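The file upload.csv comes next; it holds CSV, C-alpha atoms.
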chain,number,residue,atom,x,y,z
A,29,MET,CA,145.4,34.0,128.2
A,30,PRO,CA,142.1,36.0,127.7
A,31,MET,CA,140.8,36.1,124.1
A,32,GLN,CA,141.3,39.5,122.4
A,33,LEU,CA,138.4,40.9,120.4
A,34,ARG,CA,139.5,43.2,117.7
A,35,SER,CA,137.3,46.3,117.8
A,36,ASP,CA,138.1,47.2,114.2
A,37,ALA,CA,137.1,43.8,113.0
A,38,LEU,CA,133.9,43.9,115.0
A,39,LYS,CA,133.1,47.3,113.7
A,40,GLU,CA,133.5,46.1,110.1
A,41,LYS,CA,131.5,43.0,110.8
A,42,SER,CA,128.7,45.0,112.5
A,43,LYS,CA,127.9,46.7,109.1
A,44,MET,CA,126.5,43.3,108.1
A,45,TYR,CA,124.2,43.1,111.1
A,46,LYS,CA,120.5,43.8,110.5
A,47,LEU,CA,119.3,45.9,113.4
A,48,ARG,CA,115.7,47.0,114.0
A,49,SER,CA,115.5,50.6,113.0
A,50,THR,CA,114.1,51.6,116.3
A,51,LEU,CA,117.2,50.4,118.1
A,52,GLU,CA,119.7,52.5,116.1
A,53,THR,CA,118.8,55.7,118.0
A,54,LEU,CA,117.7,54.1,121.2
A,55,ILE,CA,119.7,55.2,124.3
A,56,PRO,CA,119.6,52.4,126.9
A,57,TYR,CA,118.8,53.1,130.5
A,58,THR,CA,121.9,53.8,132.5
A,59,SER,CA,122.6,54.4,136.2
A,60,GLU,CA,125.8,54.7,138.1
A,61,THR,CA,126.6,51.1,139.3
A,62,ASN,CA,130.1,51.6,140.7
A,63,PRO,CA,130.1,51.2,144.5
A,64,PHE,CA,130.0,54.5,146.4
A,65,PRO,CA,130.3,54.9,150.2
A,66,VAL,CA,127.0,56.9,150.1
A,67,THR,CA,124.7,55.6,147.3
A,68,LEU,CA,121.7,57.9,146.9
A,69,ASN,CA,120.9,57.6,143.2
A,70,ALA,CA,118.7,54.5,142.6
A,71,ASN,CA,115.7,55.0,145.0
A,72,GLU,CA,116.6,51.8,146.8
A,73,TYR,CA,115.9,51.3,150.5
A,74,PRO,CA,119.2,52.3,152.2
A,75,THR,CA,119.7,49.2,154.4
A,76,ASP,CA,119.4,45.5,154.0
A,77,LEU,CA,116.5,43.3,155.1
A,78,PRO,CA,116.0,43.0,158.9
A,79,LYS,CA,118.0,40.0,160.2
A,80,GLU,CA,114.8,38.2,161.3
A,81,VAL,CA,113.5,38.3,157.8
A,82,LYS,CA,116.7,37.3,156.2
A,83,ASP,CA,117.1,34.4,158.5
A,84,VAL,CA,113.7,33.0,157.5
A,85,ILE,CA,114.6,33.4,153.8
A,86,ILE,CA,117.9,31.6,154.2
A,87,LYS,CA,116.1,28.7,156.0
A,88,LYS,CA,113.6,28.4,153.3
A,89,LEU,CA,116.2,28.5,150.6
A,90,THR,CA,118.0,25.5,152.2
A,91,GLU,CA,114.8,23.5,151.7
A,92,LEU,CA,114.4,24.5,148.0
A,93,ASN,CA,114.8,21.8,145.3
A,94,PHE,CA,117.1,23.8,143.0
A,95,ASN,CA,116.7,21.2,140.2
A,96,ARG,CA,113.0,22.0,139.8
A,97,TYR,CA,111.4,24.8,137.8
A,98,PRO,CA,109.5,27.4,139.9
A,99,LEU,CA,105.8,26.7,140.5
A,100,SER,CA,103.7,28.4,137.9
A,101,ASP,CA,101.0,29.4,140.5
A,102,SER,CA,103.0,30.8,143.4
A,103,SER,CA,101.2,31.0,146.8
A,104,LEU,CA,102.4,34.6,146.9
A,105,ARG,CA,99.8,35.5,144.2
A,106,SER,CA,96.9,34.3,146.4
A,107,LYS,CA,98.3,36.2,149.4
A,108,ILE,CA,98.5,39.4,147.5
A,109,ALA,CA,95.1,38.9,146.1
A,110,LYS,CA,93.6,38.3,149.5
A,111,GLU,CA,95.2,41.5,150.9
A,112,TYR,CA,93.4,43.6,148.3
A,113,GLY,CA,90.1,41.7,148.2
A,114,LEU,CA,90.8,40.2,144.7
A,115,GLN,CA,91.0,36.8,143.2
A,116,THR,CA,94.3,35.0,142.4
A,117,GLU,CA,93.5,35.4,138.7
A,118,ASN,CA,93.8,39.2,139.2
A,119,VAL,CA,97.5,39.0,140.2
A,120,PHE,CA,100.5,38.4,138.0
A,121,LEU,CA,104.2,38.4,139.2
A,122,GLY,CA,107.1,39.7,137.2
A,123,ASN,CA,110.9,40.4,137.4
A,124,GLY,CA,110.3,43.7,139.0
A,125,SER,CA,107.3,45.8,137.9
A,126,SER,CA,109.6,46.8,135.0
A,127,GLN,CA,109.2,43.5,133.2
A,128,ILE,CA,105.4,43.7,133.6
A,129,LEU,CA,105.4,47.3,132.1
A,130,ALA,CA,107.5,46.2,129.2
A,131,ALA,CA,105.2,43.2,128.5
A,132,LEU,CA,102.2,45.5,128.6
A,133,CYS,CA,103.7,47.6,125.8
A,134,TYR,CA,104.0,44.4,123.7
A,135,ALA,CA,100.5,43.2,124.5
A,136,PHE,CA,98.4,46.3,124.2
A,137,SER,CA,99.6,48.1,121.1
A,138,ASP,CA,99.8,47.9,117.4
A,139,GLU,CA,101.1,50.0,114.4
A,140,SER,CA,98.1,52.3,114.3
A,141,SER,CA,98.0,53.2,118.0
A,142,SER,CA,100.2,54.9,120.7
A,143,ILE,CA,101.5,54.3,124.2
A,144,VAL,CA,100.9,57.5,126.2
A,145,TYR,CA,102.6,58.6,129.4
A,146,PRO,CA,103.5,61.9,131.2
A,147,THR,CA,106.9,63.4,130.8
A,148,PRO,CA,109.1,63.9,132.7
A,149,SER,CA,108.5,60.5,134.2
A,150,PHE,CA,110.2,57.1,134.4
A,151,SER,CA,112.4,57.1,131.3
A,152,MET,CA,111.8,53.4,130.6
A,153,TYR,CA,108.3,54.0,129.4
A,154,ASN,CA,109.6,55.5,126.2
A,155,ILE,CA,112.2,52.7,125.9
A,156,TYR,CA,109.6,50.0,126.4
A,157,ALA,CA,107.4,51.6,123.7
A,158,LYS,CA,110.4,51.6,121.2
A,159,LEU,CA,111.3,48.0,122.0
A,160,ALA,CA,107.8,47.1,121.1
A,161,ASP,CA,108.2,49.1,117.9
A,162,ARG,CA,105.3,51.3,118.9
A,163,ASN,CA,104.8,55.0,119.0
A,164,GLY,CA,105.6,56.4,122.5
A,165,VAL,CA,104.0,59.7,123.2
A,166,GLY,CA,105.1,61.8,126.3
A,167,VAL,CA,102.7,64.4,127.5
A,168,GLU,CA,104.5,67.3,129.1
A,169,LEU,CA,103.6,68.0,132.7
A,170,GLU,CA,102.6,71.6,133.5
A,171,GLU,CA,104.7,74.2,135.4
A,172,ASP,CA,106.3,72.7,138.5
A,173,PHE,CA,105.5,69.3,137.1
A,174,LYS,CA,101.7,69.4,137.8
A,175,PHE,CA,99.5,66.9,136.0
A,176,ASN,CA,96.8,68.3,133.7
A,177,PRO,CA,94.2,65.6,133.2
A,178,ASP,CA,92.3,67.3,130.4
A,179,LYS,CA,95.5,67.9,128.4
A,180,PHE,CA,96.6,64.3,129.0
A,181,LEU,CA,93.3,62.9,127.9
A,182,ASP,CA,93.1,65.1,124.8
A,183,VAL,CA,96.6,63.9,123.7
A,184,SER,CA,95.6,60.3,124.4
A,185,LYS,CA,92.6,60.5,122.2
A,186,LYS,CA,94.4,62.4,119.5
A,187,GLU,CA,97.2,59.9,119.4
A,188,ASN,CA,94.8,56.9,119.5
A,189,ALA,CA,96.2,55.5,122.8
A,190,SER,CA,96.1,51.8,123.2
A,191,LEU,CA,97.9,51.9,126.5
A,192,ILE,CA,98.2,54.7,129.1
A,193,ILE,CA,100.9,54.6,131.8
A,194,LEU,CA,100.8,56.9,134.8
A,195,CYS,CA,103.4,56.9,137.6
A,196,ASN,CA,102.1,57.8,141.0
A,197,PRO,CA,104.0,59.1,142.9
A,198,ASN,CA,105.9,60.2,139.8
A,199,ASN,CA,109.6,59.4,139.3
A,200,PRO,CA,111.7,61.6,139.2
A,201,THR,CA,109.5,64.5,140.3
A,202,GLY,CA,108.1,62.9,143.5
A,203,GLN,CA,104.7,64.5,143.0
A,204,VAL,CA,101.4,62.8,142.8
A,205,ILE,CA,98.3,62.5,140.7
A,206,SER,CA,95.1,62.7,142.7
A,207,ASN,CA,92.8,59.7,142.7
A,208,THR,CA,90.2,62.0,141.3
A,209,ASP,CA,92.4,62.6,138.2
A,210,VAL,CA,93.2,58.9,138.0
A,211,GLU,CA,89.5,58.1,137.9
A,212,TYR,CA,88.9,60.8,135.3
A,213,ILE,CA,91.5,59.2,133.0
A,214,ALA,CA,90.2,55.7,133.6
A,215,LYS,CA,86.6,56.7,133.1
A,216,ASN,CA,87.2,58.5,129.8
A,217,SER,CA,89.7,56.0,128.2
A,218,ALA,CA,88.8,53.0,126.2
A,219,CYS,CA,92.3,51.4,126.6
A,220,PRO,CA,94.1,49.9,129.7
A,221,VAL,CA,95.3,52.6,132.1
A,222,ILE,CA,98.3,51.3,134.1
A,223,LEU,CA,99.1,53.1,137.3
A,224,ASP,CA,102.7,52.5,138.3
A,225,GLU,CA,102.7,52.6,142.1
A,226,ALA,CA,106.3,51.6,142.7
A,227,TYR,CA,106.6,54.2,145.5
A,228,MET,CA,103.1,54.0,146.9
A,229,GLU,CA,104.3,52.8,150.4
A,230,PHE,CA,105.8,56.3,150.9
A,231,TYR,CA,102.4,58.0,150.0
A,232,ASP,CA,99.7,55.4,151.0
A,233,GLU,CA,96.8,56.8,148.9
A,234,SER,CA,96.5,54.0,146.4
A,235,ALA,CA,93.9,53.9,143.6
A,236,ILE,CA,93.3,50.2,144.0
A,237,TYR,CA,89.8,50.8,145.2
A,238,LEU,CA,88.9,52.2,141.8
A,239,MET,CA,89.6,48.9,140.0
A,240,SER,CA,86.2,47.5,140.9
A,241,LYS,CA,84.6,50.4,139.1
A,242,TYR,CA,86.9,50.6,136.1
A,243,PRO,CA,88.1,47.2,134.7
A,244,ASN,CA,90.6,49.0,132.4
A,245,LEU,CA,92.5,50.3,135.4
A,246,ALA,CA,95.5,48.2,136.5
A,247,ILE,CA,98.1,48.8,139.3
A,248,THR,CA,101.7,47.7,139.3
A,249,ARG,CA,103.8,47.5,142.5
A,250,THR,CA,107.3,46.4,143.4
A,251,PHE,CA,109.2,44.9,146.3
A,252,SER,CA,112.4,46.8,145.2
A,253,LYS,CA,111.8,50.1,147.0
A,254,ALA,CA,110.1,50.0,150.4
A,255,TYR,CA,110.9,46.3,151.1
A,256,SER,CA,114.7,46.2,150.6
A,257,LEU,CA,114.4,43.6,147.9
A,258,ALA,CA,115.8,45.4,144.8
A,259,SER,CA,118.3,42.5,144.3
A,260,ALA,CA,115.6,39.9,143.9
A,261,ARG,CA,113.8,41.8,141.1
A,262,ILE,CA,110.1,41.1,141.8
A,263,GLY,CA,107.0,43.1,141.2
A,264,TYR,CA,103.3,42.4,140.5
A,265,ILE,CA,100.3,43.8,138.7
A,266,LEU,CA,96.7,43.9,140.0
A,267,ALA,CA,94.3,43.8,137.0
A,268,ALA,CA,91.2,42.3,135.5
A,269,LYS,CA,91.5,38.7,134.4
A,270,GLU,CA,91.4,39.7,130.7
A,271,ILE,CA,94.5,41.9,131.1
A,272,ILE,CA,96.3,39.2,133.1
A,273,THR,CA,95.5,36.6,130.5
A,274,THR,CA,96.8,38.8,127.7
A,275,LEU,CA,99.9,39.7,129.6
A,276,SER,CA,100.8,36.1,130.2
A,277,LYS,CA,100.9,35.5,126.4
A,278,VAL,CA,103.9,37.8,125.9
A,279,LEU,CA,106.1,36.6,128.8
A,280,PRO,CA,108.3,33.5,128.8
A,281,PRO,CA,107.5,30.4,130.7
A,282,TYR,CA,108.8,30.3,134.3
A,283,ASN,CA,109.4,34.0,134.1
A,284,MET,CA,110.0,34.2,137.9
A,285,ASN,CA,112.8,32.3,139.7
A,286,SER,CA,112.1,30.4,142.9
A,287,LEU,CA,114.8,32.3,144.9
A,288,SER,CA,113.0,35.6,144.3
A,289,LEU,CA,109.6,34.1,144.9
A,290,ILE,CA,110.6,32.7,148.3
A,291,SER,CA,112.3,35.9,149.3
A,292,ALA,CA,109.3,38.0,148.3
A,293,GLU,CA,106.8,35.7,150.0
A,294,VAL,CA,108.7,35.8,153.3
A,295,VAL,CA,108.9,39.6,153.1
A,296,TRP,CA,105.2,39.8,152.4
A,297,ASP,CA,104.4,37.5,155.4
A,298,MET,CA,106.6,39.7,157.6
A,299,LYS,CA,105.7,43.1,156.0
A,300,ASP,CA,104.6,44.6,159.4
A,301,MET,CA,108.2,44.7,160.3
A,302,PHE,CA,108.8,47.3,157.6
A,303,LYS,CA,106.2,49.8,158.8
A,304,GLU,CA,108.6,51.6,161.1
A,305,ARG,CA,111.3,51.6,158.5
A,306,ILE,CA,109.0,53.2,155.9
A,307,ALA,CA,107.9,55.8,158.5
A,308,GLY,CA,111.6,56.6,159.1
A,309,ILE,CA,112.1,57.4,155.4
A,310,ILE,CA,109.1,59.6,155.3
A,311,ALA,CA,110.4,61.5,158.4
A,312,GLU,CA,113.8,61.9,156.8
A,313,ARG,CA,112.2,63.2,153.6
A,314,GLY,CA,110.6,66.1,155.5
A,315,ARG,CA,113.9,66.8,157.4
A,316,VAL,CA,116.1,66.8,154.3
A,317,GLU,CA,113.6,68.9,152.3
A,318,LYS,CA,113.8,71.6,155.1
A,319,GLU,CA,117.6,71.5,155.0
A,320,LEU,CA,117.6,71.9,151.2
A,321,GLU,CA,115.2,74.8,151.4
A,322,LYS,CA,117.8,76.7,153.4
A,323,ILE,CA,120.3,76.7,150.5
A,324,ASN,CA,120.1,79.7,148.2
A,325,ASN,CA,119.4,79.2,144.6
A,326,PHE,CA,117.8,75.8,145.1
A,327,LYS,CA,114.2,75.0,144.2
A,328,ILE,CA,112.8,72.0,146.0
A,329,TYR,CA,109.9,70.0,144.5
A,330,PRO,CA,107.8,68.6,147.4
A,331,SER,CA,108.0,64.8,147.3
A,332,GLN,CA,105.7,62.0,148.3
A,333,SER,CA,108.3,59.3,147.6
A,334,ASN,CA,111.6,58.2,148.9
A,335,PHE,CA,113.6,60.8,146.9
A,336,ILE,CA,113.7,64.5,146.4
A,337,LEU,CA,114.1,66.4,143.1
A,338,PHE,CA,115.7,69.8,143.3
A,339,LYS,CA,116.7,72.4,140.8
A,340,THR,CA,119.9,74.5,140.8
A,341,LYS,CA,120.4,78.0,139.3
A,342,ASP,CA,122.0,76.7,136.0
A,343,ARG,CA,123.3,73.6,134.3
A,344,GLU,CA,126.9,74.4,135.1
A,345,THR,CA,126.1,74.5,138.8
A,346,THR,CA,124.2,71.2,138.5
A,347,LYS,CA,127.3,69.5,136.9
A,348,LEU,CA,129.6,71.1,139.5
A,349,ILE,CA,127.5,69.8,142.4
A,350,PHE,CA,127.1,66.3,141.0
A,351,ASN,CA,130.9,66.0,140.4
A,352,LYS,CA,131.9,67.4,143.8
A,353,LEU,CA,129.5,65.0,145.5
A,354,LYS,CA,131.1,62.1,143.6
A,355,GLU,CA,134.5,63.3,144.7
A,356,LYS,CA,133.3,63.0,148.3
A,357,GLY,CA,131.9,59.5,147.8
A,358,ILE,CA,128.3,60.5,147.4
A,359,ILE,CA,126.4,59.6,144.3
A,360,VAL,CA,123.0,61.2,143.4
A,361,ARG,CA,121.1,61.1,140.1
A,362,ASP,CA,121.9,63.8,137.5
A,363,PHE,CA,119.0,64.6,135.2
A,364,SER,CA,120.7,67.4,133.3
A,365,SER,CA,120.4,65.5,130.0
A,366,HIS,CA,116.6,65.7,130.1
A,367,PRO,CA,115.3,68.8,128.3
A,368,LEU,CA,112.7,69.4,131.0
A,369,LEU,CA,115.1,68.7,133.9
A,370,ASN,CA,118.3,70.2,132.7
A,371,THR,CA,119.3,71.8,136.0
A,372,CYS,CA,117.9,69.1,138.2
A,373,LEU,CA,119.4,66.5,140.6
A,374,ARG,CA,117.5,63.8,142.4
A,375,VAL,CA,118.6,62.5,145.8
A,376,THR,CA,117.4,59.2,147.3
A,377,LEU,CA,116.7,59.3,151.0
A,378,GLY,CA,119.4,57.2,152.7
A,379,THR,CA,120.1,56.5,156.4
A,380,LYS,CA,120.1,59.5,158.7
A,381,GLU,CA,123.9,59.4,158.7
A,382,GLU,CA,124.1,59.3,154.9
A,383,ASN,CA,121.6,62.2,154.6
A,384,ASP,CA,123.6,64.2,157.1
A,385,LEU,CA,126.8,63.7,155.0
A,386,PHE,CA,124.9,64.8,151.9
A,387,ILE,CA,123.5,67.9,153.5
A,388,THR,CA,126.9,68.9,154.9
A,389,GLU,CA,128.5,68.6,151.5
A,390,ILE,CA,125.8,70.3,149.5
A,391,SER,CA,125.4,73.1,152.0
A,392,SER,CA,128.7,74.5,150.7
A,393,PHE,CA,127.0,75.4,147.5
Would you give me this structure, written as structure tokens?
Amino acid sequence: MPMQLRSDALKEKSKMYKLRSTLETLIPYTSETNPFPVTLNANEYPTDLPKEVKDVIIKKLTELNFNRYPLSDSSLRSKIAKEYGLQTENVFLGNGSSQILAALCYAFSDESSSIVYPTPSFSMYNIYAKLADRNGVGVELEEDFKFNPDKFLDVSKKENASLIILCNPNNPTGQVISNTDVEYIAKNSACPVILDEAYMEFYDESAIYLMSKYPNLAITRTFSKAYSLASARIGYILAAKEIITTLSKVLPPYNMNSLSLISAEVVWDMKDMFKERIAGIIAERGRVEKELEKINNFKIYPSQSNFILFKTKDRETTKLIFNKLKEKGIIVRDFSSHPLLNTCLRVTLGTKEENDLFITEISSF
């Protein structure tokens, strides 16, 4: 018989717990995880790995010694480094780029400084700052979510930034920061500038080439989006040796598991197989944008990613659309709780069939 936990007793007992003050008001990251026939809310690639890739992964897993810890210096690091003309010491792997971003907030901040990022952007930046007991400062984007480099730099200096995080293309708006603006921020900042390029494969104008000129500029990437590997949780950072060394001090030993490392290395070795798939998502992005533009009272924000943000006429309509889509088995992302996105929904590009279902249902509004 399952053990029963008395909520009243736990509530009383919890009064004795000593929580960090920053956690009391912290709202954890949430996303709808219940299975839906059409899942368009998490910016994942809509289909599984190609069979040829999966077969190679499975074969390699059968050869794995599961009783051994993962190698501390994975060959994947050297392969990634070679791709970008870097040294192995300039690459670090993590459980998704999210783990790396969180670790950076621990490593490059203190009580007298701030972690600065645009808003609206990836909501976890603020959470990571709070988890590190640091002052997180969101700099509001301009009208239509345009990035203002002078405003951003002014706030960074005023708030004594010890770490800057930029998302490019930006989630959830889908828009981009020009490499000219990235260079401007890196050139005029004394702290590390982290460029979160989780969706770069759908845009393909990376700022990696600027790293040789600005050692404070670092790039994070992930296998979760374009490479159908969200379940494996693996990402990486490209950075100067000093940043990598500092980062390694705040992460646990063996932070990567061998199953994910093997999967990611196979995908990396076979990444040419994903080019057509990525091109297909980009093509669908343009098609779905045009279909959404036909709907009255919708404002579409042009995207360079694998999702589209759109605005309805009011918050009531936003909630109505979200709930009606759920009733039809289609889940998108509702951003109405964000003060700057309170009439916005974000839809991830799915398969052509999934996108057609979404368009059919939302056209009735």
Counting all atoms listed in the file, the residue among A:Gln332, A:Ser49, A:Pro78, A:Ile55 that lies closest to Ser256 in chain A is A:Pro78
Between A:Asp297, A:Asp172, A:Glu139, A:Asp76, which one has atoms that come closest to Ile328 in chain A, using all atoms listed in the file?
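Among the listed residues, A:Asp172 lies closest to Ile328 in chain A.
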Rounded to one decimal, what separation in Å do you get between CA of Ser137 in chain A and CA of Asn198 in chain A?
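Between CA of Ser137 in chain A and CA of Asn198 in chain A the gap is 23.1 Å.
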For a cut-off of 12 Å around (112.9, 55.6, 129.5), file coordinates, pick out all residues using all atoms listed in the file and list them as a ChimeraX atom specification.
/A:54-59,126,129-130,145-159,164-166,199-200,366
With only C-alpha atoms as the basis for distance, which of A:Tyr97, A:Phe326, A:Phe393, A:Phe175 is at the shortest distance from Pro281 in chain A?
A:Tyr97
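You can rank A:Glu304, A:Glu80, A:Glu117, A:Asp224 by their closest distance to Leu132 in chain A using only C-alpha atoms, and at the top of that list sits A:Asp224.
We find CA of Lys87 in chain A and CA of Ser286 in chain A to be spaced 13.8 Å apart.
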Measure the distance from CA of Glu72 in chain A to CA of Pro280 in chain A in Å and round it to one decimal.
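These two atoms are separated by 27.0 Å.
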May I ask which of the residues A:Asn163, A:Gln203, A:Ser392, A:Asn334 is the closest one to Gly378 in chain A, counting all atoms listed in the file?
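Among A:Asn163, A:Gln203, A:Ser392, A:Asn334, it is A:Asn334 that comes nearest to Gly378 in chain A.
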Point out the residue among A:Leu77, A:Leu121, A:Leu385, A:Ala307 with the least atom-to-atom distance to Phe230 in chain A, counting only C-alpha atoms.
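Answer, going by the shortest atom-to-atom distance: A:Ala307.
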Range 179-193 of chain A surroundings by all atoms listed in the file, 9 Å radius, close-in-sequence under 4 positions cut, as a VMD selection string
chain A and resid 129 132 to 133 136 to 138 140 to 146 153 165 167 to 169 175 212 to 213 216 to 224
At a cut-off of 8 Å, using only C-alpha atoms, what residues contact Arg343 in chain A? Leave out same-chain residues fewer than 3 positions from it and give the result as a PDB file with C-alpha atoms, in the frame of the given file.
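Wrote it out as out_26.pdb, contents follow:
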ATOM      1  CA  THR A 340     119.900  74.500 140.800  1.00  0.00           C
ATOM      2  CA  THR A 346     124.200  71.200 138.500  1.00  0.00           C
ATOM      3  CA  LYS A 347     127.300  69.500 136.900  1.00  0.00           C
ATOM      4  CA  SER A 364     120.700  67.400 133.300  1.00  0.00           C
ATOM      5  CA  ASN A 370     118.300  70.200 132.700  1.00  0.00           C
ATOM      6  CA  THR A 371     119.300  71.800 136.000  1.00  0.00           C
TER       7      THR A 371
END
Regenerate range 265-280 of chain A at the level of N, CA, C and O atoms and dump it as a compact mmCIF listing (two decimals), in the frame of the given file.
# COMPACT_ATOMS: atom_id res chain seq x y z
N ILE A 265 101.35 42.91 139.27
CA ILE A 265 100.30 43.80 138.70
C ILE A 265 98.96 43.25 139.27
O ILE A 265 98.74 42.03 139.41
N LEU A 266 98.08 44.17 139.59
CA LEU A 266 96.70 43.90 140.00
C LEU A 266 95.84 44.33 138.80
O LEU A 266 95.89 45.51 138.40
N ALA A 267 95.07 43.43 138.24
CA ALA A 267 94.30 43.80 137.00
C ALA A 267 93.16 42.82 136.81
O ALA A 267 93.09 41.74 137.42
N ALA A 268 92.27 43.19 135.90
CA ALA A 268 91.20 42.30 135.50
C ALA A 268 91.75 41.05 134.85
O ALA A 268 92.84 41.07 134.28
N LYS A 269 90.99 39.97 134.92
CA LYS A 269 91.50 38.70 134.40
C LYS A 269 91.86 38.79 132.93
O LYS A 269 92.84 38.18 132.50
N GLU A 270 91.12 39.56 132.14
CA GLU A 270 91.40 39.70 130.70
C GLU A 270 92.78 40.30 130.47
O GLU A 270 93.51 39.90 129.56
N ILE A 271 93.14 41.28 131.28
CA ILE A 271 94.50 41.90 131.10
C ILE A 271 95.55 40.94 131.54
O ILE A 271 96.58 40.82 130.86
N ILE A 272 95.34 40.21 132.64
CA ILE A 272 96.30 39.20 133.10
C ILE A 272 96.53 38.14 132.05
O ILE A 272 97.67 37.74 131.75
N THR A 273 95.45 37.64 131.47
CA THR A 273 95.50 36.60 130.50
C THR A 273 96.34 37.05 129.25
O THR A 273 97.20 36.33 128.73
N THR A 274 96.06 38.27 128.80
CA THR A 274 96.80 38.80 127.70
C THR A 274 98.26 39.01 127.99
O THR A 274 99.15 38.70 127.19
N LEU A 275 98.52 39.51 129.18
CA LEU A 275 99.90 39.70 129.60
C LEU A 275 100.70 38.44 129.64
O LEU A 275 101.86 38.40 129.22
N SER A 276 100.08 37.36 130.09
CA SER A 276 100.80 36.10 130.20
C SER A 276 101.19 35.53 128.83
O SER A 276 102.09 34.70 128.75
N LYS A 277 100.58 36.01 127.77
CA LYS A 277 100.90 35.50 126.40
C LYS A 277 102.23 36.04 125.91
O LYS A 277 102.81 35.44 125.00
N VAL A 278 102.71 37.14 126.46
CA VAL A 278 103.90 37.80 125.90
C VAL A 278 105.14 37.59 126.83
O VAL A 278 106.21 38.11 126.54
N LEU A 279 104.97 36.85 127.91
CA LEU A 279 106.10 36.60 128.80
C LEU A 279 106.55 35.14 128.68
O LEU A 279 105.74 34.25 128.39
N PRO A 280 107.83 34.89 128.90
CA PRO A 280 108.30 33.50 128.80
C PRO A 280 107.83 32.61 129.88
O PRO A 280 107.42 33.10 130.94
